[in-house]
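What follows is the content of target-v6.cif, which has mmCIF, C-alpha atoms:
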```cif
data_model
loop_
_atom_site.group_PDB
_atom_site.id
_atom_site.type_symbol
_atom_site.label_atom_id
_atom_site.label_comp_id
_atom_site.auth_asym_id
_atom_site.auth_seq_id
_atom_site.Cartn_x
_atom_site.Cartn_y
_atom_site.Cartn_z
ATOM 1 C CA MET A 1302 108.262 61.784 85.438
ATOM 2 C CA ALA A 1303 105.940 64.424 83.960
ATOM 3 C CA ALA A 1304 105.140 65.746 87.444
ATOM 4 C CA LEU A 1305 108.828 66.005 88.341
ATOM 5 C CA LEU A 1306 109.571 67.835 85.103
ATOM 6 C CA GLY A 1307 106.654 70.196 85.768
ATOM 7 C CA LEU A 1308 108.114 70.980 89.171
ATOM 8 C CA ALA A 1309 111.544 71.434 87.576
ATOM 9 C CA ALA A 1310 109.960 73.955 85.218
ATOM 10 C CA ALA A 1311 108.492 75.811 88.213
ATOM 11 C CA VAL A 1312 111.923 75.942 89.852
ATOM 12 C CA GLY A 1313 113.492 77.257 86.652
ATOM 13 C CA TYR A 1314 110.806 79.864 86.029
ATOM 14 C CA GLY A 1315 110.885 80.924 89.677
ATOM 15 C CA ALA A 1316 114.661 81.370 89.614
ATOM 16 C CA ALA A 1317 114.429 83.259 86.320
ATOM 17 C CA ASP A 1318 111.838 85.582 87.830
ATOM 18 C CA PHE A 1319 113.968 86.130 90.906
ATOM 19 C CA PHE A 1320 117.063 87.113 88.921
ATOM 20 C CA GLY A 1321 115.001 89.137 86.456
ATOM 21 C CA GLY A 1322 113.207 90.954 89.255
ATOM 22 C CA TRP A 1323 116.519 91.750 90.947
ATOM 23 C CA ALA A 1324 117.952 93.159 87.712
ATOM 24 C CA SER A 1325 114.798 95.147 86.949
ATOM 25 C CA ARG A 1326 115.115 97.062 90.206
ATOM 26 C CA ARG A 1327 118.503 98.318 89.023
ATOM 27 C CA ALA A 1328 117.970 98.895 85.315
ATOM 28 C CA GLU A 1329 115.307 99.558 82.683
ATOM 29 C CA VAL A 1330 112.920 96.625 82.392
ATOM 30 C CA LEU A 1331 112.878 96.328 78.595
ATOM 31 C CA PRO A 1332 116.651 95.790 78.149
ATOM 32 C CA VAL A 1333 116.636 93.306 81.026
ATOM 33 C CA VAL A 1334 113.930 91.206 79.394
ATOM 34 C CA LEU A 1335 115.396 91.673 75.909
ATOM 35 C CA TRP A 1336 118.887 90.489 76.821
ATOM 36 C CA SER A 1337 117.589 87.660 78.977
ATOM 37 C CA GLN A 1338 115.925 86.422 75.800
ATOM 38 C CA VAL A 1339 119.254 86.691 73.988
ATOM 39 C CA ALA A 1340 120.937 84.600 76.707
ATOM 40 C CA GLY A 1341 118.142 82.044 76.632
ATOM 41 C CA LEU A 1342 118.302 81.766 72.851
ATOM 42 C CA ALA A 1343 122.073 81.250 72.995
ATOM 43 C CA VAL A 1344 121.611 78.352 75.421
ATOM 44 C CA LEU A 1345 118.992 76.739 73.210
ATOM 45 C CA LEU A 1346 121.215 77.028 70.151
ATOM 46 C CA VAL A 1347 124.032 75.303 72.057
ATOM 47 C CA VAL A 1348 121.843 72.334 73.027
ATOM 48 C CA LEU A 1349 120.029 72.278 69.682
ATOM 49 C CA GLY A 1350 122.602 70.126 67.926
ATOM 50 C CA PRO A 1351 122.963 67.304 70.475
ATOM 51 C CA LEU A 1352 119.188 67.103 71.035
ATOM 52 C CA THR A 1353 118.085 67.361 67.408
ATOM 53 C CA ARG A 1354 118.008 64.460 64.978
ATOM 54 C CA SER A 1355 115.421 65.709 62.522
ATOM 55 C CA ALA A 1356 114.336 68.926 60.871
ATOM 56 C CA PRO A 1357 111.471 70.790 62.487
ATOM 57 C CA THR A 1358 107.999 70.745 61.011
ATOM 58 C CA ALA A 1359 106.240 73.917 59.981
ATOM 59 C CA ALA A 1360 103.571 73.249 62.605
ATOM 60 C CA ALA A 1361 106.123 72.925 65.410
ATOM 61 C CA LEU A 1362 107.829 76.162 64.409
ATOM 62 C CA GLY A 1363 104.451 77.866 64.082
ATOM 63 C CA TRP A 1364 103.316 76.880 67.577
ATOM 64 C CA GLY A 1365 106.714 77.895 68.935
ATOM 65 C CA ALA A 1366 106.504 81.294 67.253
ATOM 66 C CA GLY A 1367 102.992 81.699 68.618
ATOM 67 C CA ALA A 1368 104.264 80.927 72.109
ATOM 68 C CA GLY A 1369 107.006 83.531 71.756
ATOM 69 C CA ALA A 1370 104.584 86.168 70.528
ATOM 70 C CA THR A 1371 102.202 85.568 73.440
ATOM 71 C CA ILE A 1372 105.047 85.911 75.943
ATOM 72 C CA ALA A 1373 106.295 89.147 74.399
ATOM 73 C CA VAL A 1374 102.821 90.688 74.235
ATOM 74 C CA GLY A 1375 102.041 89.445 77.728
ATOM 75 C CA LEU A 1376 105.170 91.052 79.154
ATOM 76 C CA VAL A 1377 104.466 94.428 77.535
ATOM 77 C CA VAL A 1378 100.874 94.444 78.792
ATOM 78 C CA TYR A 1379 101.859 93.108 82.208
ATOM 79 C CA PHE A 1380 104.467 95.792 82.787
ATOM 80 C CA ARG A 1381 102.002 98.424 81.617
ATOM 81 C CA GLY A 1382 99.579 97.162 84.243
ATOM 82 C CA LEU A 1383 102.260 97.312 86.934
ATOM 83 C CA ALA A 1384 103.086 100.853 85.847
ATOM 84 C CA ARG A 1385 99.558 102.124 86.412
ATOM 85 C CA ALA A 1386 98.178 99.967 89.206
ATOM 86 C CA ARG A 1387 98.959 98.310 92.496
ATOM 87 C CA MET A 1388 101.023 95.161 92.256
ATOM 88 C CA GLY A 1389 98.590 93.533 94.676
ATOM 89 C CA VAL A 1390 95.859 94.016 92.050
ATOM 90 C CA VAL A 1391 97.697 93.029 88.877
ATOM 91 C CA THR A 1392 99.864 90.145 90.034
ATOM 92 C CA PRO A 1393 97.335 87.710 91.593
ATOM 93 C CA ILE A 1394 94.892 88.042 88.687
ATOM 94 C CA THR A 1395 97.651 87.398 86.180
ATOM 95 C CA ALA A 1396 99.082 84.480 88.141
ATOM 96 C CA VAL A 1397 95.747 82.708 88.610
ATOM 97 C CA LEU A 1398 94.786 83.088 84.950
ATOM 98 C CA THR A 1399 98.205 81.817 83.885
ATOM 99 C CA ALA A 1400 97.607 78.672 85.919
ATOM 100 C CA ALA A 1401 93.903 78.243 85.174
ATOM 101 C CA LEU A 1402 93.725 78.785 81.406
ATOM 102 C CA PRO A 1403 95.701 75.663 80.402
ATOM 103 C CA VAL A 1404 93.601 73.619 82.830
ATOM 104 C CA VAL A 1405 90.405 74.728 81.100
ATOM 105 C CA VAL A 1406 91.884 74.087 77.656
ATOM 106 C CA GLY A 1407 93.089 70.655 78.700
ATOM 107 C CA LEU A 1408 89.735 69.644 80.168
ATOM 108 C CA LEU A 1409 87.841 70.923 77.129
ATOM 109 C CA GLY A 1410 90.267 68.968 74.971
ATOM 110 C CA GLY A 1411 89.281 65.709 76.626
ATOM 111 C CA GLU A 1412 91.790 65.340 79.457
ATOM 112 C CA ARG A 1413 90.324 63.594 82.485
ATOM 113 C CA PRO A 1414 92.541 63.818 85.576
ATOM 114 C CA SER A 1415 91.490 61.886 88.656
ATOM 115 C CA THR A 1416 89.316 63.533 91.286
ATOM 116 C CA VAL A 1417 92.278 63.726 93.666
ATOM 117 C CA ALA A 1418 94.435 65.375 91.004
ATOM 118 C CA LEU A 1419 91.682 67.882 90.186
ATOM 119 C CA ALA A 1420 91.435 68.753 93.863
ATOM 120 C CA GLY A 1421 95.181 69.330 93.816
ATOM 121 C CA VAL A 1422 94.771 71.611 90.804
ATOM 122 C CA LEU A 1423 92.216 73.743 92.636
ATOM 123 C CA VAL A 1424 94.428 73.971 95.718
ATOM 124 C CA ALA A 1425 97.502 74.799 93.627
ATOM 125 C CA VAL A 1426 95.732 77.533 91.635
ATOM 126 C CA ALA A 1427 94.549 79.123 94.878
ATOM 127 C CA ALA A 1428 98.104 78.844 96.208
ATOM 128 C CA VAL A 1429 99.490 80.692 93.171
ATOM 129 C CA GLY A 1430 97.107 83.573 93.809
ATOM 130 C CA ALA A 1431 97.892 83.698 97.526
ATOM 131 C CA VAL A 1432 101.659 83.603 97.069
ATOM 132 C CA SER A 1433 101.467 86.309 94.408
ATOM 133 C CA LEU A 1434 99.387 88.631 96.592
ATOM 134 C CA ALA A 1435 102.021 90.950 98.041
ATOM 135 C CA PRO A 1436 101.059 93.935 100.202
ATOM 136 C CA SER A 1437 100.826 97.156 98.199
ATOM 137 C CA PRO A 1438 103.178 99.964 99.265
ATOM 138 C CA PRO A 1439 101.579 103.108 100.658
ATOM 139 C CA GLY A 1440 100.817 106.051 98.411
ATOM 140 C CA PRO A 1441 99.685 106.179 94.786
ATOM 141 C CA PRO A 1442 100.671 103.404 92.413
ATOM 142 C CA GLY A 1443 103.764 103.998 90.370
ATOM 143 C CA PRO A 1444 105.739 102.269 87.643
ATOM 144 C CA LEU A 1445 106.890 99.202 89.536
ATOM 145 C CA ALA A 1446 109.508 96.946 88.028
ATOM 146 C CA SER A 1447 109.264 93.194 87.811
ATOM 147 C CA ALA A 1448 110.519 90.750 85.238
ATOM 148 C CA SER A 1449 109.776 87.345 83.883
ATOM 149 C CA PRO A 1450 111.259 86.352 80.535
ATOM 150 C CA THR A 1451 108.926 83.436 80.091
ATOM 151 C CA ALA A 1452 106.109 83.520 82.523
ATOM 152 C CA VAL A 1453 104.510 85.609 85.202
ATOM 153 C CA GLY A 1454 106.310 85.467 88.490
ATOM 154 C CA ALA A 1455 108.692 87.600 90.454
ATOM 155 C CA ASN A 1456 106.299 90.291 91.451
ATOM 156 C CA ALA A 1457 105.184 89.100 94.892
ATOM 157 C CA ALA A 1458 108.549 88.471 96.468
ATOM 158 C CA ALA A 1459 110.175 91.591 95.095
ATOM 159 C CA SER A 1460 107.404 94.075 95.826
ATOM 160 C CA SER A 1461 108.390 95.092 99.340
ATOM 161 C CA ALA A 1462 112.020 95.498 98.351
ATOM 162 C CA MET A 1463 110.916 97.601 95.373
ATOM 163 C CA ALA A 1464 108.950 99.813 97.697
ATOM 164 C CA ARG A 1465 112.010 100.348 99.883
ATOM 165 C CA ALA A 1466 114.096 101.022 96.795
ATOM 166 C CA GLY A 1467 111.754 103.747 95.674
ATOM 167 C CA GLY A 1468 109.101 101.557 94.097
ATOM 168 C CA ALA A 1469 109.821 102.696 90.571
ATOM 169 C CA ALA A 1470 111.683 101.943 87.399
ATOM 170 C CA THR A 1471 112.756 104.754 85.106
ATOM 171 C CA GLY A 1472 110.414 106.100 82.467
ATOM 172 C CA GLY A 1473 107.281 106.427 84.645
ATOM 173 C CA ALA A 1474 103.597 106.737 84.142
ATOM 174 C CA ALA A 1475 101.221 109.330 85.438
ATOM 175 C CA THR A 1476 99.690 108.722 88.861
ATOM 176 C CA ARG A 1477 96.248 107.140 88.653
ATOM 177 C CA GLN A 1478 93.278 107.178 90.957
ATOM 178 C CA ALA A 1479 92.337 103.927 92.683
ATOM 179 C CA VAL A 1480 89.303 103.426 90.465
ATOM 180 C CA THR A 1481 88.741 104.480 86.871
ATOM 181 C CA GLY A 1482 86.048 104.142 84.263
ATOM 182 C CA ALA A 1483 82.956 102.239 85.280
ATOM 183 C CA GLY A 1484 84.295 101.263 88.673
ATOM 184 C CA ARG A 1485 87.094 99.032 87.389
ATOM 185 C CA ALA A 1486 90.343 99.169 89.306
ATOM 186 C CA PRO A 1487 93.258 100.265 87.111
ATOM 187 C CA GLY A 1488 95.398 97.428 85.887
ATOM 188 C CA VAL A 1489 92.652 94.799 85.896
ATOM 189 C CA LEU A 1490 92.291 94.746 82.115
ATOM 190 C CA GLU A 1491 96.055 94.492 81.680
ATOM 191 C CA ALA A 1492 96.186 91.675 84.254
ATOM 192 C CA LEU A 1493 93.487 89.743 82.411
ATOM 193 C CA VAL A 1494 95.205 90.129 79.045
ATOM 194 C CA ALA A 1495 98.618 89.228 80.482
ATOM 195 C CA GLY A 1496 97.237 86.153 82.250
ATOM 196 C CA VAL A 1497 95.642 84.906 79.037
ATOM 197 C CA ALA A 1498 98.888 85.569 77.148
ATOM 198 C CA PHE A 1499 101.089 83.749 79.657
ATOM 199 C CA GLY A 1500 98.663 80.840 79.912
ATOM 200 C CA SER A 1501 98.580 80.647 76.118
ATOM 201 C CA PHE A 1502 102.322 80.023 76.144
ATOM 202 C CA PHE A 1503 101.725 76.723 77.938
ATOM 203 C CA VAL A 1504 98.906 75.835 75.542
ATOM 204 C CA CYS A 1505 101.068 76.541 72.485
ATOM 205 C CA MET A 1506 103.889 74.414 73.861
ATOM 206 C CA ASP A 1507 101.441 71.558 74.408
ATOM 207 C CA ARG A 1508 100.364 71.746 70.755
ATOM 208 C CA VAL A 1509 103.904 71.287 69.449
ATOM 209 C CA GLY A 1510 103.695 67.505 69.483
ATOM 210 C CA PRO A 1511 106.425 64.861 69.757
ATOM 211 C CA GLY A 1512 109.610 64.746 67.737
ATOM 212 C CA ALA A 1513 110.193 68.471 67.453
ATOM 213 C CA ALA A 1514 113.211 68.544 69.815
ATOM 214 C CA VAL A 1515 113.969 72.089 70.991
ATOM 215 C CA TRP A 1516 113.092 73.780 67.703
ATOM 216 C CA PRO A 1517 109.793 75.200 69.046
ATOM 217 C CA LEU A 1518 111.649 76.863 71.932
ATOM 218 C CA VAL A 1519 114.163 78.374 69.520
ATOM 219 C CA ALA A 1520 111.272 79.731 67.469
ATOM 220 C CA ALA A 1521 109.614 81.057 70.630
ATOM 221 C CA ASN A 1522 112.720 82.866 71.869
ATOM 222 C CA ALA A 1523 113.521 84.273 68.445
ATOM 223 C CA THR A 1524 109.976 85.559 67.973
ATOM 224 C CA SER A 1525 109.797 87.176 71.407
ATOM 225 C CA LEU A 1526 113.219 88.714 70.809
ATOM 226 C CA ILE A 1527 112.020 90.273 67.551
ATOM 227 C CA VAL A 1528 108.856 91.626 69.188
ATOM 228 C CA LEU A 1529 110.747 93.065 72.163
ATOM 229 C CA ALA A 1530 113.436 94.597 69.934
ATOM 230 C CA GLY A 1531 110.682 96.210 67.888
ATOM 231 C CA ALA A 1532 109.154 97.585 71.068
ATOM 232 C CA ALA A 1533 112.539 99.006 72.097
ATOM 233 C CA VAL A 1534 112.934 100.731 68.733
ATOM 234 C CA ALA A 1535 109.356 102.029 68.734
ATOM 235 C CA THR A 1536 109.596 103.485 72.236
ATOM 236 C CA GLY A 1537 113.178 104.708 72.002
ATOM 237 C CA ARG A 1538 114.155 102.814 75.152
ATOM 238 C CA ALA A 1539 117.747 101.970 76.032
ATOM 239 C CA TRP A 1540 119.044 98.706 74.610
ATOM 240 C CA ARG A 1541 121.683 97.811 77.170
ATOM 241 C CA PRO A 1542 121.071 96.899 80.803
ATOM 242 C CA ALA A 1543 123.362 98.264 83.498
ATOM 243 C CA ARG A 1544 126.695 96.446 83.559
ATOM 244 C CA THR A 1545 126.206 95.339 87.153
ATOM 245 C CA THR A 1546 123.001 93.522 86.199
ATOM 246 C CA VAL A 1547 124.472 91.451 83.354
ATOM 247 C CA PRO A 1548 125.118 88.286 85.448
ATOM 248 C CA ALA A 1549 121.538 88.344 86.756
ATOM 249 C CA VAL A 1550 120.152 88.970 83.273
ATOM 250 C CA VAL A 1551 122.100 86.022 81.867
ATOM 251 C CA ALA A 1552 121.053 83.803 84.780
ATOM 252 C CA SER A 1553 117.440 84.764 84.206
ATOM 253 C CA GLY A 1554 117.571 83.830 80.535
ATOM 254 C CA VAL A 1555 119.394 80.546 81.141
ATOM 255 C CA CYS A 1556 116.996 79.458 83.906
ATOM 256 C CA ALA A 1557 113.983 80.383 81.785
ATOM 257 C CA SER A 1558 115.178 78.362 78.801
ATOM 258 C CA ALA A 1559 115.939 75.362 81.007
ATOM 259 C CA ALA A 1560 112.460 75.650 82.525
ATOM 260 C CA SER A 1561 110.783 75.853 79.121
ATOM 261 C CA LEU A 1562 112.705 72.800 77.966
ATOM 262 C CA ALA A 1563 111.564 70.884 81.058
ATOM 263 C CA PHE A 1564 107.970 71.970 80.432
ATOM 264 C CA LEU A 1565 108.116 70.971 76.773
ATOM 265 C CA VAL A 1566 109.270 67.461 77.689
ATOM 266 C CA ALA A 1567 106.729 67.251 80.531
ATOM 267 C CA VAL A 1568 103.663 67.994 78.398
ATOM 268 C CA ARG A 1569 104.758 65.299 75.955
ATOM 269 C CA GLN A 1570 104.538 62.778 78.780
ATOM 270 C CA GLY A 1571 101.677 64.094 80.919
ATOM 271 C CA LEU A 1572 98.432 66.049 80.886
ATOM 272 C CA LEU A 1573 98.503 69.759 80.111
ATOM 273 C CA SER A 1574 95.940 70.392 82.858
ATOM 274 C CA LEU A 1575 98.308 68.983 85.480
ATOM 275 C CA VAL A 1576 101.776 69.868 84.165
ATOM 276 C CA SER A 1577 100.863 73.507 83.520
ATOM 277 C CA VAL A 1578 99.625 73.965 87.093
ATOM 278 C CA LEU A 1579 102.825 72.517 88.495
ATOM 279 C CA ALA A 1580 104.900 74.807 86.268
ATOM 280 C CA SER A 1581 102.750 77.764 87.328
ATOM 281 C CA LEU A 1582 103.879 77.337 90.930
ATOM 282 C CA SER A 1583 106.955 79.405 90.039
ATOM 283 C CA PRO A 1584 105.896 82.353 92.272
ATOM 284 C CA ALA A 1585 106.300 80.043 95.278
ATOM 285 C CA VAL A 1586 109.889 79.380 94.234
ATOM 286 C CA THR A 1587 110.505 83.089 93.722
ATOM 287 C CA VAL A 1588 109.238 84.136 97.137
ATOM 288 C CA ALA A 1589 111.194 81.300 98.753
ATOM 289 C CA LEU A 1590 114.398 82.510 97.059
ATOM 290 C CA ALA A 1591 113.669 86.069 98.122
ATOM 291 C CA ARG A 1592 113.208 84.903 101.695
ATOM 292 C CA LEU A 1593 116.404 82.849 101.693
ATOM 293 C CA LEU A 1594 118.707 85.140 99.721
ATOM 294 C CA MET A 1595 117.320 88.606 100.418
ATOM 295 C CA ASP A 1596 115.702 88.082 103.818
ATOM 296 C CA GLU A 1597 112.354 89.252 102.452
ATOM 297 C CA ARG A 1598 109.509 89.073 104.936
ATOM 298 C CA LEU A 1599 106.478 87.175 103.762
ATOM 299 C CA SER A 1600 102.919 87.941 104.737
ATOM 300 C CA ARG A 1601 100.792 85.337 106.481
ATOM 301 C CA LEU A 1602 98.781 84.918 103.309
ATOM 302 C CA GLN A 1603 101.928 84.191 101.323
ATOM 303 C CA LEU A 1604 103.074 81.657 103.905
ATOM 304 C CA ALA A 1605 99.667 80.016 103.714
ATOM 305 C CA GLY A 1606 100.018 80.014 99.928
ATOM 306 C CA LEU A 1607 103.350 78.215 100.168
ATOM 307 C CA ALA A 1608 101.782 75.565 102.388
ATOM 308 C CA ALA A 1609 98.857 75.219 99.998
ATOM 309 C CA ALA A 1610 101.282 74.827 97.084
ATOM 310 C CA VAL A 1611 102.946 71.890 98.818
ATOM 311 C CA ALA A 1612 99.544 70.338 99.511
ATOM 312 C CA GLY A 1613 98.458 70.873 95.911
ATOM 313 C CA VAL A 1614 101.589 69.225 94.561
ATOM 314 C CA GLY A 1615 101.030 66.276 96.889
ATOM 315 C CA LEU A 1616 97.454 65.823 95.699
ATOM 316 C CA ILE A 1617 98.421 66.053 92.030
ATOM 317 C CA GLY A 1618 101.194 63.530 92.577
ATOM 318 C CA ALA A 1619 98.887 61.184 94.463
ATOM 319 C CA GLY A 1620 96.286 61.421 91.723
#
```
Mind turning this structure into structure tokens?
Amino acid sequence: MAALLGLAAAVGYGAADFFGGWASRRAEVLPVVLWSQVAGLAVLLVVLGPLTRSAPTAAALGWGAGAGATIAVGLVVYFRGLARARMGVVTPITAVLTAALPVVVGLLGGERPSTVALAGVLVAVAAVGAVSLAPSPPGPPGPLASASPTAVGANAAASSAMARAGGAATGGAATRQAVTGAGRAPGVLEALVAGVAFGSFFVCMDRVGPGAAVWPLVAANATSLIVLAGAAVATGRAWRPARTTVPAVVASGVCASAASLAFLVAVRQGLLSLVSVLASLSPAVTVALARLLMDERLSRLQLAGLAAAVAGVGLIGAG
């Protein structure tokens, strides 16, 4: 059951990234993410009553708030990286770290998956990186738009469409050279920080413990909403997304909350090192949706990544 819930989380996160990425190509990124959090919080408050029989503990709320803060910080840093670097540099690093960090934490914490399952983890992590590696558009990097209200994702599938659409969201950044500083490609530091932040979300959710119902997710959404609203005030960005993007923004928030709920239940029943990898396969769902609904062309590497994702899931399930 834990494996199925982990896959359900991947489907939810992937759909959220798809809708968020679509909206972010048509509106400012910050309002899209901000209002998707509002929609997600509203859904959680609706299901809070029927699923809650006890008051939350301070520890559960604390871990939930920590998860929300890591997501908010991760998004800000991630979008900054996309604004100053190639998507093909930032996205795979972030995606692999998001998948790998909870595995390391789980193993260090004493989890011992079977050898077959560990092989599936390695294959799945490689698949996440391959699926996320979208070809970079020609010319200098610009402020590309991508969105994920809860986890890294929609980047790979949306990149070619973003390039055709002009490859930029409003409020740009100055053009950068391909290499800065001591030979480090621009965006690498941001990708590393974002990957750690997104992976930390999974770790925080695992620390919540049983009996907390959906309170930790409410705390997470509320905290990220506060952080993002503060960022909007501090930067003077617009608060409202374009009217035409509202359905996609709402869909993104609803799918993300459903995915987080599935993940929260999954880690209570299974190992963090396995469930987190399954949930991190969301980029595969996003690129599949982009192929089906937007007729996006996938590179051979992305197709190979999709095949590897299926193989990884099979190995984890068999283990």
Checklist entry - Exactly which residues make up the result of the PyMOL selection byres ((chain A and resi 1500) around 7) on this file, given as a PyMOL selection string? => result chain A and resi 1398-1400+1402-1403+1496-1499+1501-1504
Resulting file, chosen residues, C-alpha atoms, as a PDB file, in the coordinates of the input:
```
ATOM      1  CA  LEU A1398      94.786  83.088  84.950  1.00  0.00           C
ATOM      2  CA  THR A1399      98.205  81.817  83.885  1.00  0.00           C
ATOM      3  CA  ALA A1400      97.607  78.672  85.919  1.00  0.00           C
ATOM      4  CA  LEU A1402      93.725  78.785  81.406  1.00  0.00           C
ATOM      5  CA  PRO A1403      95.701  75.663  80.402  1.00  0.00           C
ATOM      6  CA  GLY A1496      97.237  86.153  82.250  1.00  0.00           C
ATOM      7  CA  VAL A1497      95.642  84.906  79.037  1.00  0.00           C
ATOM      8  CA  ALA A1498      98.888  85.569  77.148  1.00  0.00           C
ATOM      9  CA  PHE A1499     101.089  83.749  79.657  1.00  0.00           C
ATOM     10  CA  SER A1501      98.580  80.647  76.118  1.00  0.00           C
ATOM     11  CA  PHE A1502     102.322  80.023  76.144  1.00  0.00           C
ATOM     12  CA  PHE A1503     101.725  76.723  77.938  1.00  0.00           C
ATOM     13  CA  VAL A1504      98.906  75.835  75.542  1.00  0.00           C
TER      14      VAL A1504
END
```
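Considering the residues A:Val1391, A:Ala1428, A:Leu1575, A:Val1422 and counting only C-alpha atoms, Ala1608 of chain A has its shortest atom-to-atom contact with A:Ala1428.
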- Item | Residues within 8 Å of Ile1394 of chain A, only C-alpha atoms, excluding chain neighbours under 5 positions, as a VMD selection string | chain A and resid 1430 1489 1492 to 1493 1496
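Residues captured in this structure file are Val1417, Ala1418, Ala1420, Gly1421, Val1422, Leu1423, Val1424, Ala1425, Val1426, Ala1427, Ala1428, Leu1579, Leu1582, Ala1605, Gly1606, Leu1607, Ala1608, Ala1609, Ala1610, Val1611, Gly1613, Val1614, Gly1615, Leu1616, Ile1617, Gly1618 and Ala1619 of chain A, according to the PyMOL selection byres ((chain A and resi 1612) around 12).
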Shortest contact to Leu1349 of chain A, candidates A:Ser1325, A:Ser1415, A:Ser1525, A:Ser1558, atoms counted all atoms listed in the file, goes to A:Ser1558
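Taking atom CA of Val1528 of chain A and atom CA of Val1586 of chain A as endpoints, the distance between them is 27.9 Å.
Once Phe1320 of chain A and its same-chain neighbours fewer than 2 positions away are set aside, Ala1317, Asp1318, Gly1322, Trp1323, Ala1549 and Ser1553 of chain A remain within 6 Å of it when counting all atoms listed in the file.
Nearest residue to Ala1431 of chain A, choosing from A:Pro1584, A:Gly1307, A:Gly1531, A:Gly1411 and counting only C-alpha atoms: A:Pro1584.
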One decimal place gives the atom CA of Ala1532 of chain A-atom CA of Pro1332 of chain A separation as 10.5 Å
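Every protein or nucleic acid residue with an atom no more than 10 Å from Val1405 of chain A, counting all atoms listed in the file and leaving out same-chain residues fewer than 5 positions away, appears here: A:Ala1400, A:Gly1410, A:Glu1412, A:Leu1573, A:Ser1574.
For the pair atom CA of Glu1491 of chain A and atom CA of Tyr1379 of chain A, the interatomic distance is 6.0 Å.
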Find the axis-aligned box for segment 1424-1434 of chain A, covering all its listed atoms and adding 8 Å on each side, and write its centre and edge lengths in Å to one decimal as AutoDock Vina command-line options.
```
--center_x 98.0 --center_y 81.3 --center_z 94.6 --size_x 23.2 --size_y 30.7 --size_z 21.9
```
Nearest to Ser1581 of chain A, restricted to all atoms listed in the file and choosing among A:Ala1514, A:Leu1562, A:Val1547, A:Ala1396, comes out as A:Ala1396
Among A:Pro1542, A:Pro1357, A:Gly1363, A:Gly1375, Glu1329 of chain A is approached most closely, using only C-alpha atoms, by A:Pro1542
Of A:Ser1355, A:Thr1395, A:Thr1536, A:Thr1524, the one nearest to Leu1331 of chain A when counting only C-alpha atoms is A:Thr1536
